[in-house]
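Below: input-v6.cif (mmCIF, C-alpha atoms)
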```cif
data_coords
loop_
_atom_site.label_atom_id
_atom_site.label_comp_id
_atom_site.auth_asym_id
_atom_site.auth_seq_id
_atom_site.Cartn_x
_atom_site.Cartn_y
_atom_site.Cartn_z
CA MET A 2 46.77 110.10 97.05
CA ALA A 3 46.05 107.55 94.35
CA ASP A 4 48.64 109.26 92.12
CA GLN A 5 51.18 109.00 94.86
CA GLY A 6 50.42 105.34 95.28
CA LEU A 7 50.85 104.77 91.57
CA ALA A 8 54.10 106.69 91.48
CA GLY A 9 55.34 104.73 94.47
CA ALA A 10 54.48 101.46 92.75
CA ASP A 11 56.25 102.59 89.60
CA GLU A 12 59.29 103.53 91.59
CA ALA A 13 59.32 100.21 93.38
CA ARG A 14 59.00 98.39 90.06
CA ALA A 15 61.84 100.46 88.60
CA ARG A 16 64.00 99.68 91.59
CA ALA A 17 63.25 95.97 91.27
CA GLY A 18 64.18 96.19 87.59
CA ASP A 19 67.47 97.89 88.50
CA ALA A 20 68.24 95.17 91.00
CA ARG A 21 67.44 92.50 88.44
CA VAL A 22 69.68 94.15 85.85
CA GLY A 23 72.41 94.53 88.44
CA LYS A 24 72.23 90.85 89.36
CA LYS A 25 72.25 89.85 85.70
CA LEU A 26 75.32 92.01 85.09
CA ALA A 27 77.15 90.56 88.03
CA ALA A 28 76.32 87.03 86.92
CA GLU A 29 77.26 87.32 83.26
CA VAL A 30 80.10 89.84 83.13
CA SER A 31 83.44 88.95 84.62
CA PRO A 32 85.31 91.80 86.33
CA PRO A 33 87.10 93.97 83.73
CA LEU A 34 90.51 93.54 85.30
CA GLU A 35 90.36 89.74 85.19
CA GLN A 36 91.87 89.73 81.70
CA PHE A 37 95.20 90.89 83.12
CA VAL A 38 95.69 87.99 85.55
CA VAL A 39 98.86 86.02 84.88
CA LYS A 40 98.09 82.30 85.23
CA PRO A 41 100.79 79.65 85.31
CA LEU A 42 100.27 77.05 82.57
CA VAL A 43 103.23 74.79 83.31
CA PRO A 44 104.29 75.25 86.95
CA ILE A 45 108.07 75.20 87.32
CA HIS A 46 109.60 75.87 90.72
CA ILE A 47 113.39 75.85 91.07
CA GLY A 48 114.58 76.51 94.59
CA GLY A 49 112.47 79.39 95.89
CA LEU A 50 112.02 80.80 92.40
CA ASP A 51 108.74 80.65 90.52
CA LEU A 52 109.79 80.13 86.90
CA SER A 53 106.41 78.87 85.69
CA TYR A 54 105.54 79.04 82.04
CA THR A 55 102.60 81.47 82.21
CA ASN A 56 100.05 82.68 79.70
CA ALA A 57 102.17 85.85 79.38
CA ALA A 58 105.19 83.75 78.44
CA LEU A 59 103.07 81.75 75.98
CA LEU A 60 101.88 84.94 74.29
CA MET A 61 105.45 86.26 74.11
CA THR A 62 106.51 83.04 72.44
CA ILE A 63 103.65 83.38 69.94
CA VAL A 64 104.58 87.01 69.22
CA VAL A 65 108.22 86.19 68.56
CA ALA A 66 107.27 83.15 66.44
CA LEU A 67 104.86 85.24 64.35
CA ILE A 68 107.46 87.95 63.76
CA MET A 69 110.01 85.34 62.70
CA VAL A 70 107.51 83.70 60.33
CA LEU A 71 106.64 87.08 58.81
CA LEU A 72 110.26 88.10 58.32
CA LEU A 73 112.01 84.82 57.55
CA VAL A 74 109.59 82.90 55.35
CA PRO A 75 109.13 85.46 52.54
CA THR A 76 112.76 86.61 52.55
CA ARG A 77 114.15 83.08 52.17
CA ARG A 78 113.33 83.19 48.50
CA ALA A 79 113.30 86.95 48.10
CA ALA A 80 112.38 88.14 44.64
CA LEU A 81 112.88 91.47 42.94
CA VAL A 82 109.13 91.65 42.42
CA PRO A 83 107.93 90.92 45.95
CA THR A 84 105.10 88.60 46.88
CA ARG A 85 102.43 89.93 49.21
CA LEU A 86 104.05 88.68 52.40
CA GLN A 87 107.44 89.90 51.27
CA SER A 88 106.12 93.39 50.61
CA VAL A 89 104.59 93.46 54.12
CA ALA A 90 108.00 92.62 55.58
CA GLU A 91 109.65 95.22 53.34
CA LEU A 92 107.07 97.84 54.33
CA ALA A 93 107.76 97.30 58.02
CA TYR A 94 111.50 97.40 57.41
CA GLU A 95 111.34 100.58 55.34
CA PHE A 96 109.03 102.29 57.83
CA VAL A 97 111.39 101.76 60.76
CA ALA A 98 114.48 102.42 58.62
CA ASN A 99 113.10 105.80 57.59
CA MET A 100 112.26 106.59 61.19
CA VAL A 101 115.81 105.80 62.30
CA ARG A 102 117.36 107.72 59.38
CA GLU A 103 115.28 110.83 60.02
CA ASN A 104 115.44 110.87 63.82
CA VAL A 105 118.81 109.38 64.71
CA GLY A 106 120.84 110.14 61.62
CA HIS A 107 123.05 107.95 59.46
CA ASP A 108 125.71 107.36 62.11
CA GLY A 109 123.01 105.92 64.35
CA PHE A 110 121.92 103.34 61.80
CA GLU A 111 123.95 100.63 63.53
CA TYR A 112 121.21 100.60 66.20
CA PHE A 113 118.53 99.87 63.63
CA PRO A 114 118.15 96.16 64.56
CA LEU A 115 117.39 97.12 68.15
CA VAL A 116 114.81 99.72 67.18
CA PHE A 117 113.22 97.35 64.65
CA SER A 118 112.98 94.53 67.22
CA ILE A 119 111.37 96.84 69.78
CA PHE A 120 108.87 98.13 67.24
CA MET A 121 107.85 94.72 65.91
CA PHE A 122 107.59 93.19 69.39
CA ILE A 123 105.37 95.95 70.77
CA LEU A 124 103.25 96.16 67.61
CA PHE A 125 102.57 92.42 67.49
CA ALA A 126 102.03 92.21 71.26
CA ASN A 127 99.50 95.04 71.11
CA PHE A 128 97.62 93.59 68.16
CA ILE A 129 97.51 90.05 69.52
CA GLY A 130 96.17 91.47 72.76
CA LEU A 131 93.17 92.77 70.81
CA ILE A 132 91.98 89.26 69.95
CA PRO A 133 89.19 88.39 72.40
CA TYR A 134 90.17 85.92 75.15
CA SER A 135 93.86 86.31 74.40
CA PHE A 136 96.23 88.12 76.72
CA THR A 137 97.83 91.56 76.48
CA ILE A 138 101.46 91.24 77.51
CA THR A 139 102.03 94.97 77.06
CA GLY A 140 99.28 95.46 79.67
CA GLN A 141 101.71 94.09 82.26
CA ILE A 142 103.82 96.82 83.81
CA ALA A 143 106.67 94.34 84.29
CA VAL A 144 106.95 93.94 80.50
CA THR A 145 106.67 97.60 79.49
CA PHE A 146 108.82 98.88 82.33
CA GLY A 147 111.39 96.20 81.57
CA LEU A 148 111.58 97.38 77.96
CA ALA A 149 111.79 101.02 79.06
CA ILE A 150 114.55 100.38 81.60
CA PHE A 151 116.47 98.40 78.97
CA VAL A 152 116.27 101.32 76.53
CA PHE A 153 117.25 103.81 79.24
CA VAL A 154 120.30 101.87 80.45
CA LEU A 155 121.41 101.13 76.89
CA VAL A 156 121.12 104.77 75.83
CA THR A 157 123.10 105.91 78.87
CA ILE A 158 125.82 103.34 78.19
CA ILE A 159 126.02 104.37 74.51
CA GLY A 160 126.31 108.03 75.51
CA VAL A 161 129.01 107.41 78.09
CA VAL A 162 131.03 105.13 75.80
CA ARG A 163 130.85 107.58 72.89
CA HIS A 164 131.46 110.81 74.75
CA GLY A 165 132.98 109.94 78.12
CA PHE A 166 132.72 112.91 80.46
CA HIS A 167 131.29 115.09 77.70
CA PHE A 168 128.08 113.11 78.11
CA LEU A 169 127.35 115.38 81.10
CA HIS A 170 126.84 118.23 78.62
CA LEU A 171 123.44 116.63 78.06
CA PHE A 172 122.34 118.08 81.38
CA PHE A 173 123.20 121.68 80.51
CA PRO A 174 121.57 123.15 77.40
CA PRO A 175 124.14 124.93 75.21
CA GLY A 176 123.83 128.71 75.12
CA ALA A 177 122.20 129.01 78.52
CA PRO A 178 123.88 131.49 80.91
CA VAL A 179 126.19 129.84 83.45
CA PHE A 180 124.46 131.34 86.50
CA MET A 181 121.30 129.42 85.54
CA ALA A 182 123.13 126.11 86.04
CA PRO A 183 121.91 125.47 89.62
CA VAL A 184 118.33 125.61 88.34
CA LEU A 185 118.70 123.98 84.93
CA VAL A 186 120.92 121.03 85.80
CA PRO A 187 118.61 119.50 88.44
CA ILE A 188 115.61 119.94 86.13
CA GLU A 189 117.43 118.26 83.26
CA ILE A 190 118.62 115.43 85.50
CA ILE A 191 115.10 114.83 86.82
CA SER A 192 113.64 114.87 83.34
CA TYR A 193 116.34 112.44 82.19
CA LEU A 194 115.64 110.07 85.09
CA SER A 195 111.88 110.21 84.56
CA ARG A 196 112.26 109.00 80.95
CA PRO A 197 111.98 105.25 81.64
CA VAL A 198 109.06 105.81 84.01
CA SER A 199 107.04 107.81 81.49
CA LEU A 200 108.04 105.51 78.62
CA GLY A 201 106.99 102.35 80.45
CA ILE A 202 103.87 103.69 82.12
CA ARG A 203 102.59 105.31 78.91
CA LEU A 204 102.43 102.01 77.05
CA PHE A 205 101.14 100.12 80.08
CA ALA A 206 98.42 102.68 80.86
CA ASN A 207 97.29 102.85 77.25
CA MET A 208 96.93 99.11 76.93
CA MET A 209 95.41 98.51 80.33
CA ALA A 210 92.99 101.45 80.35
CA GLY A 211 92.00 100.77 76.73
CA HIS A 212 91.25 97.10 77.30
CA THR A 213 89.47 97.77 80.60
CA MET A 214 87.37 100.42 78.87
CA MET A 215 86.42 97.94 76.13
CA ALA A 216 85.50 95.33 78.74
CA VAL A 217 83.37 97.83 80.65
CA PHE A 218 81.58 98.98 77.50
CA ALA A 219 81.06 95.39 76.39
CA GLY A 220 79.36 94.84 79.74
CA PHE A 221 76.87 97.61 78.85
CA THR A 222 75.81 95.81 75.66
CA ILE A 223 73.30 93.57 77.42
CA THR A 224 71.54 96.31 79.33
CA LEU A 225 71.46 99.26 76.92
CA GLY A 226 68.54 99.62 74.55
CA LEU A 227 67.52 99.14 70.90
CA PHE A 228 68.11 95.37 71.10
CA GLY A 229 71.83 96.02 71.50
CA PHE A 230 72.33 97.71 68.12
CA LEU A 231 73.52 101.03 69.51
CA PRO A 232 75.90 99.50 72.08
CA ILE A 233 77.34 97.19 69.40
CA ALA A 234 77.95 100.21 67.15
CA ILE A 235 79.72 101.99 70.00
CA ASN A 236 81.77 98.88 70.72
CA VAL A 237 82.85 98.66 67.08
CA ALA A 238 83.91 102.32 67.20
CA MET A 239 85.82 101.68 70.44
CA PHE A 240 87.55 98.73 68.83
CA ALA A 241 88.59 100.88 65.87
CA LEU A 242 90.01 103.47 68.27
CA GLU A 243 91.81 100.72 70.14
CA ILE A 244 93.39 99.42 66.90
CA ILE A 245 94.66 102.94 66.13
CA VAL A 246 95.97 103.30 69.68
CA CYS A 247 97.82 99.97 69.44
CA ALA A 248 99.68 101.00 66.30
CA LEU A 249 100.24 104.53 67.58
CA GLN A 250 101.68 103.43 70.91
CA ALA A 251 104.13 101.07 69.23
CA TYR A 252 105.13 104.01 67.02
CA VAL A 253 105.45 106.38 69.98
CA PHE A 254 107.59 103.98 71.99
CA THR A 255 109.87 103.45 68.99
CA ILE A 256 110.18 107.10 68.04
CA LEU A 257 110.99 108.07 71.63
CA THR A 258 113.67 105.38 71.64
CA CYS A 259 115.03 106.99 68.46
CA LEU A 260 115.01 110.46 70.04
CA TYR A 261 116.82 109.21 73.14
CA LEU A 262 119.39 107.49 70.92
CA ARG A 263 119.91 110.75 69.03
CA ASP A 264 120.45 112.60 72.31
CA ALA A 265 123.05 110.04 73.35
CA ILE A 266 124.85 110.09 69.99
CA HIS A 267 124.73 113.80 69.12
CA LEU A 268 124.25 115.47 72.55
CA HIS A 269 121.54 118.01 71.57
CA MET B 29 80.17 106.75 104.22
CA ASP B 30 80.33 103.12 103.20
CA PRO B 31 83.35 101.96 101.16
CA THR B 32 81.37 101.25 97.97
CA SER B 33 80.06 104.77 97.58
CA ALA B 34 83.46 106.17 98.54
CA LYS B 35 84.90 104.07 95.70
CA MET B 36 82.37 105.45 93.23
CA ILE B 37 83.07 109.05 94.29
CA GLY B 38 86.81 108.47 94.12
CA ALA B 39 86.60 107.01 90.61
CA GLY B 40 84.46 109.95 89.51
CA LEU B 41 86.98 112.41 90.94
CA ALA B 42 89.84 110.59 89.21
CA ALA B 43 88.02 110.83 85.89
CA ILE B 44 87.97 114.66 86.15
CA GLY B 45 91.60 114.59 85.05
CA VAL B 46 90.46 113.56 81.57
CA ALA B 47 89.14 117.12 81.05
CA GLY B 48 92.65 118.54 80.81
CA ALA B 49 93.65 116.00 78.19
CA GLY B 50 90.48 116.85 76.26
CA VAL B 51 91.55 120.48 76.10
CA GLY B 52 95.03 119.39 75.06
CA ILE B 53 93.86 117.09 72.25
CA GLY B 54 91.48 119.79 70.98
CA ASN B 55 94.35 122.23 70.96
CA ILE B 56 96.59 119.86 69.02
CA PHE B 57 94.03 119.20 66.30
CA ALA B 58 93.02 122.86 66.05
CA THR B 59 96.65 123.79 65.46
CA LEU B 60 97.09 120.87 63.05
CA VAL B 61 94.08 121.98 60.98
CA SER B 62 95.15 125.60 60.87
CA SER B 63 98.74 124.77 59.96
CA ILE B 64 97.65 122.43 57.16
CA ALA B 65 95.23 125.12 55.94
CA ARG B 66 98.05 127.65 55.83
CA ASN B 67 100.53 125.36 54.14
CA PRO B 68 98.93 122.30 52.53
CA ALA B 69 102.30 121.21 51.15
CA ALA B 70 103.55 120.49 54.66
CA ARG B 71 100.68 118.07 55.33
CA ASP B 72 102.68 114.84 55.42
CA GLN B 73 105.33 116.19 57.79
CA VAL B 74 102.93 118.00 60.11
CA PHE B 75 100.49 115.10 60.28
CA GLY B 76 103.07 112.73 61.75
CA ILE B 77 104.09 115.22 64.42
CA GLY B 78 100.44 115.90 65.19
CA MET B 79 99.74 112.19 65.65
CA LEU B 80 102.73 111.91 67.97
CA GLY B 81 101.40 114.82 70.03
CA PHE B 82 97.95 113.25 70.07
CA ALA B 83 99.33 109.94 71.34
CA LEU B 84 101.41 111.61 74.04
CA THR B 85 98.44 113.69 75.23
CA GLU B 86 95.99 110.82 75.08
CA ALA B 87 98.34 108.86 77.33
CA VAL B 88 97.83 111.51 80.01
CA ALA B 89 94.06 111.03 79.76
CA LEU B 90 94.56 107.31 80.13
CA TYR B 91 96.63 107.79 83.30
CA ALA B 92 93.55 109.41 84.87
CA LEU B 93 91.26 106.72 83.47
CA LEU B 94 93.62 104.03 84.73
CA ILE B 95 93.45 105.41 88.26
CA ALA B 96 89.65 105.52 88.00
CA PHE B 97 89.50 101.87 86.87
CA LEU B 98 91.95 100.79 89.56
CA VAL B 99 89.88 102.53 92.22
CA LEU B 100 86.69 100.96 90.88
CA TYR B 101 87.80 97.39 90.26
CA ALA B 102 91.19 96.62 91.76
CA VAL B 103 91.27 98.18 95.24
#
```

Show the structure stored in the file as C-alpha cells.
Amino acid sequence: MADQGLAGADEARARAGDARVGKKLAAEVSPPLEQFVVKPLVPIHIGGLDLSYTNAALLMTIVVALIMVLLLVPTRRAALVPTRLQSVAELAYEFVANMVRENVGHDGFEYFPLVFSIFMFILFANFIGLIPYSFTITGQIAVTFGLAIFVFVLVTIIGVVRHGFHFLHLFFPPGAPVFMAPVLVPIEIISYLSRPVSLGIRLFANMMAGHTMMAVFAGFTITLGLFGFLPIAINVAMFALEIIVCALQAYVFTILTCLYLRDAIHLH
Amino acid sequence: MDPTSAKMIGAGLAAIGVAGAGVGIGNIFATLVSSIARNPAARDQVFGIGMLGFALTEAVALYALLIAFLVLYAV
C-alpha cells in the first residue's frame, strides 16, 4: 500500500515534470515551419498584384550579388598564377564544364552558361539558407518548381527545334518491338512529363525536410541530458549532413539538367 | 479520437516510408563498396555515380519525412 502510494507520487511528479518541460518547450521554441514564412519587407501593391519585396527576394538578390562578386572581382585582373579567389572561381567553372562535357557532349557546350548559372544559384541559395536566422529560398516550392519548369520547357524547345518531328523518337526506345508501342509510349510520355515535378519537388523536399529536421532537433537540445553536450554533438553531425546535402542537391539538379539536355540533343 | 493524437499517429505512419529508403541507401553503398573492392581503379568514376544514387534515394526518404512534418506542424 505504502509502495503504491510512493509509486503514485513518483508518477505524479514525473507527469508534472513532463508538463513543465512541455510548457518550457512551447515557450522557447518557435514552430519548426516558421522559418519558411515569406514576409514582405517593402510592400508594393500595383493594381491587384502583390509585388512586395519579400525576404525571399532579398535573399535572391544577395545570392546573385555574391555570385557576381565571386566571379567578376577576381577575373577582372586575371593572372596566370591565380589568387585564392580566382582559383575558387576557376574550380567552380572547371567542375561544371567537366560535367557538361562528360554528360552532354561537346556539341552541347553552348548551353554551358545556363547550366553554370543554375548550379551556382542553387548552390549559393542552399548554403546561405544554412546560416541561422537567414531564409532558404530553395525551400520554397515556387522557386524550385519554377526552375524545374524552366528547364523542362527549355529542353523540350531545344529538342523540337533541333529535331522537328524526330523529337517524338524520344518516346519510343530504339530496338524495341513495334507491337510493344501501345505500352511503351504512354509510359515514356508519363515519365517525361513527371520530370519537372520530380526535379522541383526533390530539391524543395530536401531543403524543407532538412531544415525542419534541424529545427526539431535543435528544440531537443534544452531538454535532453548531459548538460546539452550529447544533443549539441548530434546537432553538429546533423549540420554536417545538411552541408553535404546542400552541395549534393545542387549537383543532382545540375546533372539531371545535363542528362535532359543530352536527351534533347542526341535522342537516346 | 481527438485531432492531436490523430496527428501524431498520422505523422508516425508517414515516417514508415523512410524504411524503404533505408534499404535502398544500404543497397547502394553495399554495391559501391563491393565494386570498389573488385576494381579499385574505377573508384573515382563509381564514387560519383554512387553519390548521385544516394542523393536520389535520400530524396525519397525526405518525401516521407516532409509529409510527416507537414502533418505534425502545418495542418

Using the chain letters and numbers from the file, give me the residues hit by the PyMOL selection byres ((chain A) within 9 of (chain B)), as a list in words.
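When the PyMOL selection byres ((chain A) within 9 of (chain B)) is applied to the shown file, the picked residues are Pro32, Pro33, Leu34, Ile202, Arg203, Leu204, Ala206, Asn207, Met209, Ala210, Gly211, Thr213, Met214, Val246, Leu249, Gln250, Tyr252, Val253 and Ile256 of chain A.
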
Write out as a PyMOL selection string which residues come within 12 Å of region 159-173 of chain A when counting only C-alpha atoms, dropping same-chain ones fewer than 3 positions away.
chain A and resi 108-109+111-112+152-156+176-194+261-269

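CA of Thr139 (chain A) sits 6.5 Å away from CA of Asn127 (chain A).
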
Option closest in space to Thr59 (chain B), from B:Val103, B:Gly78, B:Gln73, B:Ala42 [counting all atoms listed in the file]:
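That would be B:Gly78, the residue with the smallest distance to Thr59 (chain B).
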
Select, from A:Ala126, A:Leu115, A:Val82, A:Ala241, the residue with the minimum atom-to-atom distance to Leu67 (chain A), counting all atoms listed in the file.
A:Ala126

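Proximity to Gln141 (chain A) was assessed for A:Ala66, A:Val198, A:Leu86, A:Met208 counting all atoms listed in the file; the smallest distance is recorded for A:Met208.
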
Between CA of Arg71 (chain B) and CA of Glu103 (chain A), what is the distance, to one decimal in Å?
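That distance, rounded to one decimal, is 17.0 Å.
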